[in-house]
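See below for data.cif, which holds mmCIF, C-alpha atoms.
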data_work
#
loop_
_atom_site.label_atom_id
_atom_site.label_comp_id
_atom_site.auth_asym_id
_atom_site.auth_seq_id
_atom_site.Cartn_x
_atom_site.Cartn_y
_atom_site.Cartn_z
CA MET A 110 49.33 163.07 144.77
CA ASN A 111 51.76 165.77 143.59
CA GLU A 112 50.80 169.16 142.17
CA GLU A 113 50.93 168.15 138.52
CA ASN A 114 48.99 164.99 139.12
CA ARG A 115 46.40 167.00 141.02
CA PHE A 116 45.94 169.29 138.00
CA ASP A 117 45.51 166.26 135.78
CA ASP A 118 43.04 164.80 138.24
CA ASP A 119 41.05 168.04 138.42
CA LEU A 120 40.93 168.26 134.65
CA LEU A 121 39.74 164.68 134.28
CA ARG A 122 37.10 165.16 136.98
CA LYS A 123 35.70 167.99 134.91
CA PHE A 124 35.30 165.68 131.94
CA LEU A 125 34.65 162.32 133.57
CA ASN A 126 32.21 161.94 136.40
CA PRO A 127 29.70 159.29 137.50
CA GLY A 128 26.85 161.48 136.34
CA ARG A 129 28.01 161.14 132.74
CA ILE A 130 28.09 157.38 132.42
CA GLN A 131 26.69 155.79 129.31
CA LYS A 132 23.37 154.16 130.17
CA ALA A 133 22.67 150.56 129.22
CA PRO A 134 20.55 150.26 126.07
CA GLU A 135 16.79 149.91 126.14
CA GLY A 136 15.62 146.42 127.05
CA PHE A 137 18.94 145.35 128.55
CA SER A 138 17.40 143.99 131.74
CA SER A 139 14.73 141.97 129.97
CA LYS A 140 17.24 140.49 127.48
CA THR A 141 19.56 139.51 130.31
CA MET A 142 16.79 137.92 132.35
CA THR A 143 15.56 136.05 129.26
CA ARG A 144 19.01 134.51 128.81
CA ILE A 145 19.10 133.55 132.47
CA ARG A 146 15.64 131.98 132.37
CA ILE A 147 16.50 129.98 129.24
CA GLU A 148 19.57 128.61 130.94
CA VAL A 149 17.71 127.77 134.15
CA GLN A 150 14.95 125.96 132.27
CA SER A 151 17.29 123.82 130.19
CA PRO A 152 17.35 120.15 131.35
CA ALA A 153 21.16 120.14 131.42
CA HIS A 154 21.10 123.00 133.90
CA GLY A 155 18.68 121.14 136.18
CA LEU A 156 20.80 118.01 136.22
CA LYS A 157 24.03 119.93 136.67
CA SER A 158 22.50 122.04 139.41
CA PHE A 159 21.29 118.91 141.22
CA PHE A 160 24.74 117.35 141.20
CA ILE A 161 26.43 120.56 142.25
CA LYS A 162 24.09 121.06 145.21
CA ASN A 163 24.35 117.43 146.27
CA ARG A 164 27.94 116.76 145.38
CA VAL A 165 28.88 115.19 148.72
CA PRO A 166 26.15 112.53 148.71
CA ALA A 167 26.59 112.10 144.94
CA VAL A 168 30.28 111.34 145.27
CA SER A 169 29.62 109.10 148.28
CA VAL A 170 27.01 107.08 146.39
CA LEU A 171 29.42 106.68 143.48
CA VAL A 172 32.17 105.47 145.79
CA ILE A 173 29.86 102.99 147.53
CA ALA A 174 28.54 101.76 144.17
CA GLY A 175 32.12 101.33 143.04
CA LEU A 176 32.86 99.25 146.13
CA PHE A 177 29.85 97.04 145.47
CA VAL A 178 30.91 96.56 141.85
CA ALA A 179 34.45 95.75 142.97
CA ALA A 180 33.09 93.24 145.47
CA ALA A 181 31.07 91.62 142.71
CA LEU A 182 33.80 91.53 140.10
CA LEU A 183 36.98 90.83 142.04
CA PRO A 184 37.86 87.15 142.31
CA SER A 185 37.47 85.45 145.68
CA GLN A 186 40.58 83.32 145.06
CA ASP A 187 43.95 84.93 145.38
CA PRO A 188 45.84 84.93 142.04
CA GLY A 189 48.61 87.00 143.63
CA ASP A 190 48.13 90.38 141.93
CA LYS A 191 48.13 93.68 143.86
CA ILE A 192 44.39 94.39 143.66
CA SER A 193 43.56 90.97 145.05
CA LEU A 194 46.08 91.48 147.83
CA ILE A 195 44.42 94.77 148.78
CA TRP A 196 41.02 93.15 148.56
CA LYS A 197 42.15 90.25 150.72
CA TYR A 198 43.48 92.73 153.26
CA LEU A 199 40.19 94.66 153.29
CA GLN A 200 38.25 91.44 153.66
CA ASN A 201 40.30 90.52 156.69
CA VAL A 202 39.86 93.84 158.52
CA ASN A 203 38.32 92.83 161.82
CA ILE A 204 35.76 94.96 163.54
CA SER A 205 34.33 94.40 166.95
CA LEU A 206 30.94 95.85 166.05
CA PRO A 207 28.09 93.44 165.32
CA GLN A 208 28.07 92.32 161.74
CA PHE A 209 24.90 92.28 159.70
CA LYS A 210 24.02 91.60 156.14
CA LEU A 211 22.57 94.37 153.98
CA PHE A 212 21.31 91.95 151.43
CA ASP A 213 22.32 88.60 150.01
CA LEU A 214 23.88 88.50 146.60
CA PRO A 215 24.70 85.09 145.22
CA GLY A 216 28.42 84.30 145.37
CA ILE A 217 29.30 87.63 146.96
CA ILE A 218 30.58 88.02 150.47
CA MET A 219 30.32 91.60 151.73
CA PRO A 220 33.00 92.73 154.16
CA GLY A 221 31.58 93.37 157.62
CA TRP A 222 32.68 97.01 157.69
CA LEU A 223 30.90 98.00 154.45
CA PRO A 224 27.47 98.75 155.95
CA TYR A 225 29.17 100.90 158.62
CA ALA A 226 31.08 102.82 155.96
CA PHE A 227 27.78 103.46 154.21
CA LEU A 228 26.21 104.63 157.46
CA MET A 229 29.13 106.95 158.23
CA VAL A 230 28.83 108.57 154.77
CA ILE A 231 25.19 109.37 155.48
CA VAL A 232 26.03 110.72 158.95
CA PHE A 233 28.85 112.91 157.63
CA THR A 234 26.65 114.24 154.83
CA LEU A 235 23.93 115.26 157.27
CA PHE A 236 26.52 116.78 159.61
CA ASP A 237 28.03 118.73 156.71
CA ARG A 238 24.60 120.10 155.80
CA PHE A 239 23.93 121.01 159.41
CA LEU A 240 27.24 122.89 159.74
CA PHE A 241 26.68 124.68 156.43
CA ARG A 242 23.34 126.01 157.64
CA ILE A 243 24.82 127.11 160.96
CA PHE A 244 27.73 129.02 159.39
CA ASN A 245 25.64 130.41 156.61
CA LYS A 246 23.18 131.89 159.06
CA SER A 247 25.93 133.47 161.19
CA GLY A 248 27.53 135.00 158.07
CA LYS A 249 24.43 137.18 157.39
CA MET B 1476 46.24 159.87 147.64
CA LEU B 1477 43.31 159.35 149.94
CA LYS B 1478 40.11 160.11 148.13
CA ILE B 1479 38.17 162.38 150.45
CA ARG B 1480 34.65 162.69 149.27
CA PRO B 1481 31.93 164.89 150.68
CA LEU B 1482 29.83 163.01 153.21
CA ASP B 1483 26.67 163.16 151.09
CA VAL B 1484 28.54 161.68 148.09
CA THR B 1485 29.91 158.89 150.29
CA LEU B 1486 26.47 158.11 151.64
CA ASN B 1487 24.95 158.26 148.17
CA ASN B 1488 27.60 155.89 146.85
CA PHE B 1489 26.96 153.47 149.70
CA MET B 1490 23.26 153.60 149.08
CA ARG B 1491 23.69 153.18 145.34
CA GLN B 1492 26.14 150.35 145.60
CA ASN B 1493 24.60 148.40 148.43
CA HIS B 1494 21.01 149.54 148.46
CA GLY B 1495 18.64 150.47 145.73
CA MET B 1496 15.99 153.13 145.65
CA ASP B 1497 13.68 150.55 147.26
CA GLY B 1498 16.05 150.59 150.27
CA ARG B 1499 16.81 146.89 150.04
CA ALA B 1500 20.41 145.74 150.08
CA ASP B 1501 21.85 143.66 147.27
CA ILE B 1502 22.31 140.83 149.74
CA PHE B 1503 18.53 140.61 150.19
CA TYR B 1504 18.02 139.82 146.50
CA ILE B 1505 21.06 137.52 146.37
CA GLU B 1506 19.58 135.38 149.14
CA GLN B 1507 16.25 135.30 147.37
CA VAL B 1508 17.92 134.07 144.19
CA LEU B 1509 19.83 131.41 146.13
CA GLU B 1510 16.53 130.23 147.60
CA GLY B 1511 15.20 129.74 144.09
CA GLU B 1512 13.55 133.11 143.32
CA ILE B 1513 15.21 133.63 139.93
CA ASN B 1514 13.23 136.80 139.19
CA ALA B 1515 14.84 138.52 142.16
CA PHE B 1516 18.02 138.71 140.08
CA SER B 1517 16.32 141.27 137.84
CA HIS B 1518 16.56 143.82 140.70
CA LEU B 1519 20.33 143.37 140.71
CA VAL B 1520 20.50 143.70 136.93
CA GLU B 1521 18.39 146.86 137.01
CA ARG B 1522 20.50 148.39 139.76
CA HIS B 1523 23.95 147.72 138.29
CA LYS B 1524 23.40 147.54 134.53
CA ASP B 1525 24.45 151.12 133.70
CA LYS B 1526 27.82 151.00 135.43
CA ALA B 1527 28.49 147.48 134.16
CA PHE B 1528 27.64 148.52 130.60
CA ASN B 1529 29.67 151.72 130.87
CA LEU B 1530 32.73 149.82 132.11
CA ALA B 1531 32.45 147.32 129.26
CA LEU B 1532 31.93 150.13 126.74
CA ARG B 1533 34.94 152.14 127.88
CA ILE B 1534 37.17 149.09 127.58
CA CYS B 1535 35.94 147.60 124.31
CA GLY B 1536 34.87 150.80 122.56
CA ASN B 1537 31.61 149.82 120.89
CA ASN B 1538 28.00 149.49 122.01
CA GLU B 1539 27.21 146.05 120.60
CA GLU B 1540 30.19 144.33 122.16
CA ALA B 1541 29.68 146.21 125.41
CA GLU B 1542 26.09 145.00 125.63
CA GLU B 1543 27.22 141.43 124.96
CA ILE B 1544 29.98 141.66 127.56
CA ALA B 1545 27.70 143.13 130.20
CA GLN B 1546 25.04 140.47 129.60
CA ASP B 1547 27.65 137.69 129.73
CA ALA B 1548 28.96 139.15 132.98
CA PHE B 1549 25.50 139.11 134.58
CA LEU B 1550 25.02 135.54 133.39
CA LYS B 1551 28.35 134.49 134.88
CA ALA B 1552 27.46 136.30 138.10
CA PHE B 1553 24.16 134.44 138.26
CA ARG B 1554 25.88 131.06 137.72
CA SER B 1555 28.49 131.78 140.41
CA LEU B 1556 26.18 133.46 142.90
CA ARG B 1557 26.55 130.66 145.45
CA HIS B 1558 30.31 131.37 145.50
CA PHE B 1559 29.83 135.07 146.19
CA ARG B 1560 31.57 135.91 149.44
CA LYS B 1561 29.49 138.43 151.31
CA LYS B 1562 32.56 140.26 152.62
CA SER B 1563 32.90 142.34 149.45
CA SER B 1564 30.05 144.23 147.80
CA PHE B 1565 28.12 142.66 144.94
CA SER B 1566 28.96 145.60 142.68
CA THR B 1567 32.72 145.13 143.19
CA TRP B 1568 32.38 141.44 142.51
CA LEU B 1569 30.31 142.11 139.38
CA TYR B 1570 32.73 144.73 138.06
CA ARG B 1571 35.53 142.17 138.39
CA ILE B 1572 33.62 139.83 136.11
CA VAL B 1573 32.83 142.63 133.64
CA TYR B 1574 36.45 143.82 133.64
CA ASN B 1575 37.88 140.32 133.06
CA THR B 1576 35.34 139.52 130.36
CA ALA B 1577 35.98 142.80 128.55
CA ILE B 1578 39.77 142.57 128.76
CA SER B 1579 39.68 138.94 127.49
CA LEU B 1580 37.57 139.99 124.53
CA VAL B 1581 39.70 142.95 123.46
CA ARG B 1582 42.89 140.89 123.78
CA THR B 1583 41.53 138.22 121.44
CA ARG B 1584 40.58 140.78 118.82
CA LYS B 1585 42.55 140.42 115.62
CA GLY B 1586 44.15 143.79 115.11
CA ARG B 1587 43.36 146.91 117.09
CA VAL B 1588 40.47 149.19 116.36
CA LEU B 1589 41.85 152.05 114.31
CA SER B 1590 41.91 155.20 116.34
CA ILE B 1591 41.54 158.61 114.81
CA GLU B 1592 44.72 160.66 115.01
CA GLU B 1593 43.15 164.07 115.37
CA PHE B 1594 40.04 165.02 117.26
CA PRO B 1595 37.72 165.41 114.29
CA ALA B 1596 35.43 168.19 115.40
CA ASP B 1597 35.59 171.69 116.69
CA ALA B 1598 33.61 172.73 119.71
CA VAL B 1599 31.49 175.02 117.56
CA ASP B 1600 30.32 171.97 115.55
CA PHE B 1601 28.39 170.85 118.63
CA LEU B 1602 26.39 174.02 118.66
CA SER B 1603 23.32 173.85 116.56
CA ILE B 1604 20.13 175.79 116.35
CA ASN B 1605 18.22 173.13 118.26
CA ARG B 1606 20.68 172.72 121.05
CA ASN B 1607 21.58 175.01 123.92
CA GLU B 1608 25.16 175.80 124.84
CA GLU B 1609 25.15 173.58 127.92
CA GLU B 1610 24.17 170.49 125.95
CA ALA B 1611 26.67 171.33 123.24
CA ILE B 1612 29.48 171.60 125.80
CA GLU B 1613 28.36 168.32 127.34
CA GLU B 1614 28.49 166.57 123.99
CA TYR B 1615 31.83 168.13 123.13
CA ARG B 1616 33.31 166.88 126.41
CA ASN B 1617 31.86 163.40 125.92
CA SER B 1618 33.32 163.14 122.43
CA LEU B 1619 36.67 164.42 123.62
CA VAL B 1620 36.72 161.93 126.47
CA ASN B 1621 35.89 159.04 124.12
CA PHE B 1622 38.62 160.21 121.77
CA ALA B 1623 41.18 160.40 124.59
CA LEU B 1624 40.12 157.00 125.97
CA GLN B 1625 40.84 155.38 122.62
CA LYS B 1626 44.41 156.66 122.80
CA ILE B 1627 45.31 154.75 125.95
CA SER B 1628 45.64 150.98 126.45
CA ASP B 1629 42.70 148.66 127.25
CA GLU B 1630 43.91 148.18 130.79
CA GLU B 1631 44.38 151.92 131.36
CA ARG B 1632 40.87 152.55 130.05
CA GLY B 1633 39.55 150.05 132.59
CA LEU B 1634 41.43 151.75 135.43
CA ILE B 1635 40.28 155.23 134.43
CA THR B 1636 36.68 154.06 134.15
CA LEU B 1637 36.71 152.31 137.50
CA TYR B 1638 38.29 155.32 139.21
CA TYR B 1639 36.29 158.17 137.67
CA TYR B 1640 33.02 156.67 136.45
CA ASN B 1641 32.50 153.88 138.98
CA ASP B 1642 34.05 156.09 141.68
CA LEU B 1643 36.04 153.30 143.31
CA ASP B 1644 39.19 153.67 145.37
CA ILE B 1645 42.61 152.13 144.72
CA GLY B 1646 41.98 149.17 147.00
CA GLU B 1647 38.72 148.29 145.31
CA ILE B 1648 40.27 148.67 141.86
CA SER B 1649 43.14 146.41 142.90
CA GLY B 1650 40.61 143.80 144.02
CA ILE B 1651 38.71 143.99 140.74
CA THR B 1652 41.66 143.96 138.34
CA GLY B 1653 44.02 141.73 140.28
CA ILE B 1654 46.75 144.38 139.91
CA LYS B 1655 48.69 145.29 143.06
CA LYS B 1656 47.74 148.60 144.66
CA VAL B 1657 51.12 150.21 144.00
CA ASN B 1658 50.89 149.24 140.33
CA VAL B 1659 47.32 150.55 140.10
CA LYS B 1660 48.57 153.92 141.37
CA VAL B 1661 51.42 154.00 138.84
CA ARG B 1662 49.26 152.94 135.88
CA LEU B 1663 46.51 155.34 136.89
CA PHE B 1664 49.05 158.14 137.11
CA ARG B 1665 50.31 157.37 133.60
CA ALA B 1666 46.82 157.02 132.15
CA ARG B 1667 45.71 160.24 133.83
CA ARG B 1668 48.73 162.05 132.42
CA LYS B 1669 48.16 160.74 128.89
CA MET B 1670 44.48 161.65 128.89
CA ALA B 1671 45.05 165.06 130.43
CA ASP B 1672 47.69 165.85 127.79
CA ILE B 1673 45.36 164.82 124.98
CA ILE B 1674 42.48 166.86 126.36
CA ARG B 1675 44.67 169.92 126.93
CA ASN B 1676 46.15 169.57 123.47
CA VAL B 1677 42.75 169.53 121.81
CA ASP B 1678 41.48 172.34 124.01
CA ARG B 1679 44.55 174.44 123.24
CA LYS B 1680 43.98 174.01 119.51
CA GLN B 1681 40.35 174.92 120.07
CA VAL B 1682 41.31 178.09 121.94
CA ALA B 1683 43.79 178.99 119.19
CA TYR B 1684 41.10 178.34 116.55
CA GLU B 1685 38.60 180.57 118.37
CA ARG B 1686 41.15 183.35 118.67
CA ARG B 1687 41.85 183.16 114.92
CA GLU B 1688 38.13 183.32 114.24
CA GLN B 1689 37.78 186.41 116.40
CA VAL B 1690 40.54 188.26 114.53
#

Represent the supplied structure as structure tokens.
Amino acid sequence: MNEENRFDDDLLRKFLNPGRIQKAPEGFSSKTMTRIRIEVQSPAHGLKSFFIKNRVPAVSVLVIAGLFVAAALLPSQDPGDKISLIWKYLQNVNISLPQFKLFDLPGIIMPGWLPYAFLMVIVFTLFDRFLFRIFNKSGK
Amino acid sequence: MLKIRPLDVTLNNFMRQNHGMDGRADIFYIEQVLEGEINAFSHLVERHKDKAFNLALRICGNNEEAEEIAQDAFLKAFRSLRHFRKKSSFSTWLYRIVYNTAISLVRTRKGRVLSIEEFPADAVDFLSINRNEEEAIEEYRNSLVNFALQKISDEERGLITLYYYNDLDIGEISGITGIKKVNVKVRLFRARRKMADIIRNVDRKQVAYERREQV
């Protein structure tokens, strides 16, 4: 800081200092906390908060549900369009693990890998939670 | 320029910013809130409300808007608490929210608040029968500071407030405002110069007025 700037700084320190700050008005804290409590108690907040906290399992469930719906709606015959081609490919993915049926739905054949995909989502979710707790603790 | 503060001021600032009078760090209450203890947030509000309000007030220029801005900032801080990175202090993080909220508000205002051209009062006007000289000087300085602050830009007001009232260094101010350190220094220099000139100008007129009165 040069000489002139130092004079300016000294002058301003005489007039502005942390001891002279304008205090918040009376009741500021209670008004603020009231607004926070109203927001927390609103049903929208609860639902939003639930989905934010559990976004990984929420997204996973949506994806799995989408796969089930696709399995139910997509035709078993091959009309030649791209989606059916992809579906046919997925149906034909071979896995060497034992295949088992989750449940029987009439007219629907579940690909053998689907239950394993579901299981892996659950495993990854739990692993993610586990890692989050570990790193959160070490960050303290 | 490196801000060298006396050791007791540095320690006091650390205590004020990171610990309250109850000795508990901000991080203690933040973790309580994240665990579901909403009421723990009131400790953070109580601890930081004055500086948050003051920052908002210096930028926007009126009490009602400043109160609204400060409350909105605390609400935003509460909503985003899980994203708070514990590397910086809570106060710095909060001031960033206050600063951005205040600057957004003043920029959306239709037309600027009219500022008074001349400082409207003489120092002697602050002296009254019921007030002692010290209080009168205090009030005179406060009014003069408010007058000078209105003469500089919104951004410069924010920088001046963060540097002198919130007692933050250039690095912290850069983090809060998003302005590069070198630019913070330049803008602070300009703002400091403008304000100092205004204050000296008014004071000079006051001295000249007092001399005339004495004659």

For the structure provided, state which residues fall under the PyMOL selection byres ((chain A) within 7 of (chain B)), and present them as a tab-separated table (two decimals) with C-alpha atoms, in the coordinates of the input.
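Okay, this is what ended up in out.tsv:
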chain	number	residue	atom	x	y	z
A	110	MET	CA	49.33	163.07	144.77
A	117	ASP	CA	45.51	166.26	135.78
A	118	ASP	CA	43.04	164.80	138.24
A	120	LEU	CA	40.93	168.26	134.65
A	121	LEU	CA	39.74	164.68	134.28
A	124	PHE	CA	35.30	165.68	131.94
A	125	LEU	CA	34.65	162.32	133.57
A	126	ASN	CA	32.21	161.94	136.40
A	127	PRO	CA	29.70	159.29	137.50
A	130	ILE	CA	28.09	157.38	132.42
A	131	GLN	CA	26.69	155.79	129.31
A	132	LYS	CA	23.37	154.16	130.17
A	133	ALA	CA	22.67	150.56	129.22
A	138	SER	CA	17.40	143.99	131.74
A	141	THR	CA	19.56	139.51	130.31
A	142	MET	CA	16.79	137.92	132.35
A	145	ILE	CA	19.10	133.55	132.47

Got a sec to resolve the PyMOL selection byres ((chain B and resi 1659) around 12) on this structure and send the residues as a count of residues only? 30

Using the chain letters and numbers from the file, give me the residues hit by the PyMOL selection byres ((chain B and resi 1565) around 8), as a list in words.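 Matching residues under the PyMOL selection byres ((chain B and resi 1565) around 8) are Gln1492, Asn1493, Asp1501, Ile1502, Phe1559, Lys1561, Ser1563, Ser1564, Ser1566, Thr1567, Trp1568 and Leu1569 of chain B.
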
Distance in Å - atom CA of A:Glu113 versus atom CA of B:Lys1626: 20.5 Å

As a ChimeraX atom specification, please: the residues near stretch 171-174 of chain A (cut-off 12 Å, all atoms listed in the file, same-chain neighbours under 2 positions excluded). /A:160,164-169,176-181,223-231

Residue with the minimum atom-to-atom distance to B:Ala1515, picked from A:Asn111, A:Gly175, A:Arg146, A:Asp237 with only C-alpha atoms counted, is A:Arg146

Any idea what the distance is between atom CA of B:Leu1580 and atom CA of B:Asn1621?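 Atom CA of B:Asn1621 lies 19.1 Å from atom CA of B:Leu1580.
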
When you draw a straight line from atom CA of B:Ile1578 to atom CA of B:Ser1628, how long is it in Å? 10.5 Å

For stretch 1553-1584 of chain B, supply N, CA and C atoms and format the output as a short mmCIF file (atom, residue, chain, number, x, y, z; two decimals), in the coordinates of the input.
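Result written to part-v5.cif:
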data_model
loop_
_atom_site.label_atom_id
_atom_site.label_comp_id
_atom_site.auth_asym_id
_atom_site.auth_seq_id
_atom_site.Cartn_x
_atom_site.Cartn_y
_atom_site.Cartn_z
N PHE B 1553 25.30 135.26 137.84
CA PHE B 1553 24.16 134.44 138.26
C PHE B 1553 24.60 132.99 138.52
N ARG B 1554 25.43 132.46 137.58
CA ARG B 1554 25.88 131.06 137.72
C ARG B 1554 26.73 130.88 138.97
N SER B 1555 27.53 131.91 139.29
CA SER B 1555 28.49 131.78 140.41
C SER B 1555 27.97 132.40 141.70
N LEU B 1556 26.71 132.72 141.75
CA LEU B 1556 26.18 133.46 142.90
C LEU B 1556 26.40 132.73 144.22
N ARG B 1557 26.35 131.40 144.20
CA ARG B 1557 26.55 130.66 145.45
C ARG B 1557 27.99 130.80 145.96
N HIS B 1558 28.91 131.20 145.08
CA HIS B 1558 30.31 131.37 145.50
C HIS B 1558 30.60 132.81 145.92
N PHE B 1559 29.62 133.68 145.84
CA PHE B 1559 29.83 135.07 146.19
C PHE B 1559 30.08 135.19 147.69
N ARG B 1560 31.24 135.74 148.03
CA ARG B 1560 31.57 135.91 149.44
C ARG B 1560 31.02 137.24 149.91
N LYS B 1561 30.23 137.23 150.93
CA LYS B 1561 29.49 138.43 151.31
C LYS B 1561 30.36 139.50 151.96
N LYS B 1562 31.67 139.25 152.03
CA LYS B 1562 32.56 140.26 152.62
C LYS B 1562 32.71 141.46 151.70
N SER B 1563 32.78 141.20 150.37
CA SER B 1563 32.90 142.34 149.45
C SER B 1563 31.49 142.70 148.97
N SER B 1564 31.38 143.86 148.29
CA SER B 1564 30.05 144.23 147.80
C SER B 1564 29.78 143.50 146.48
N PHE B 1565 28.51 143.33 146.18
CA PHE B 1565 28.12 142.66 144.94
C PHE B 1565 28.62 143.45 143.75
N SER B 1566 28.55 144.77 143.81
CA SER B 1566 28.96 145.60 142.68
C SER B 1566 30.44 145.39 142.36
N THR B 1567 31.28 145.35 143.40
CA THR B 1567 32.72 145.13 143.19
C THR B 1567 32.96 143.77 142.54
N TRP B 1568 32.25 142.79 143.03
CA TRP B 1568 32.38 141.44 142.51
C TRP B 1568 31.93 141.40 141.05
N LEU B 1569 30.83 142.06 140.76
CA LEU B 1569 30.31 142.11 139.38
C LEU B 1569 31.28 142.83 138.45
N TYR B 1570 31.82 143.98 138.92
CA TYR B 1570 32.73 144.73 138.06
C TYR B 1570 33.97 143.91 137.72
N ARG B 1571 34.39 143.04 138.66
CA ARG B 1571 35.53 142.17 138.39
C ARG B 1571 35.22 141.26 137.21
N ILE B 1572 34.02 140.72 137.20
CA ILE B 1572 33.62 139.83 136.11
C ILE B 1572 33.54 140.61 134.80
N VAL B 1573 32.95 141.80 134.86
CA VAL B 1573 32.83 142.63 133.64
C VAL B 1573 34.22 142.98 133.12
N TYR B 1574 35.09 143.41 134.02
CA TYR B 1574 36.45 143.82 133.64
C TYR B 1574 37.18 142.66 132.97
N ASN B 1575 37.16 141.48 133.61
CA ASN B 1575 37.88 140.32 133.06
C ASN B 1575 37.31 139.88 131.72
N THR B 1576 35.99 139.91 131.62
CA THR B 1576 35.34 139.52 130.36
C THR B 1576 35.71 140.49 129.25
N ALA B 1577 35.68 141.78 129.57
CA ALA B 1577 35.98 142.80 128.55
C ALA B 1577 37.45 142.73 128.12
N ILE B 1578 38.33 142.61 129.08
CA ILE B 1578 39.77 142.57 128.76
C ILE B 1578 40.08 141.31 127.92
N SER B 1579 39.47 140.18 128.27
CA SER B 1579 39.68 138.94 127.49
C SER B 1579 39.24 139.14 126.06
N LEU B 1580 38.10 139.80 125.89
CA LEU B 1580 37.57 139.99 124.53
C LEU B 1580 38.47 140.89 123.71
N VAL B 1581 38.90 142.02 124.27
CA VAL B 1581 39.70 142.95 123.46
C VAL B 1581 41.07 142.34 123.15
N ARG B 1582 41.57 141.50 124.03
CA ARG B 1582 42.89 140.89 123.78
C ARG B 1582 42.82 139.83 122.68
N THR B 1583 41.63 139.25 122.49
CA THR B 1583 41.53 138.22 121.44
C THR B 1583 41.17 138.84 120.09
N ARG B 1584 40.94 140.13 120.08
CA ARG B 1584 40.58 140.78 118.82
C ARG B 1584 41.76 140.73 117.88
#
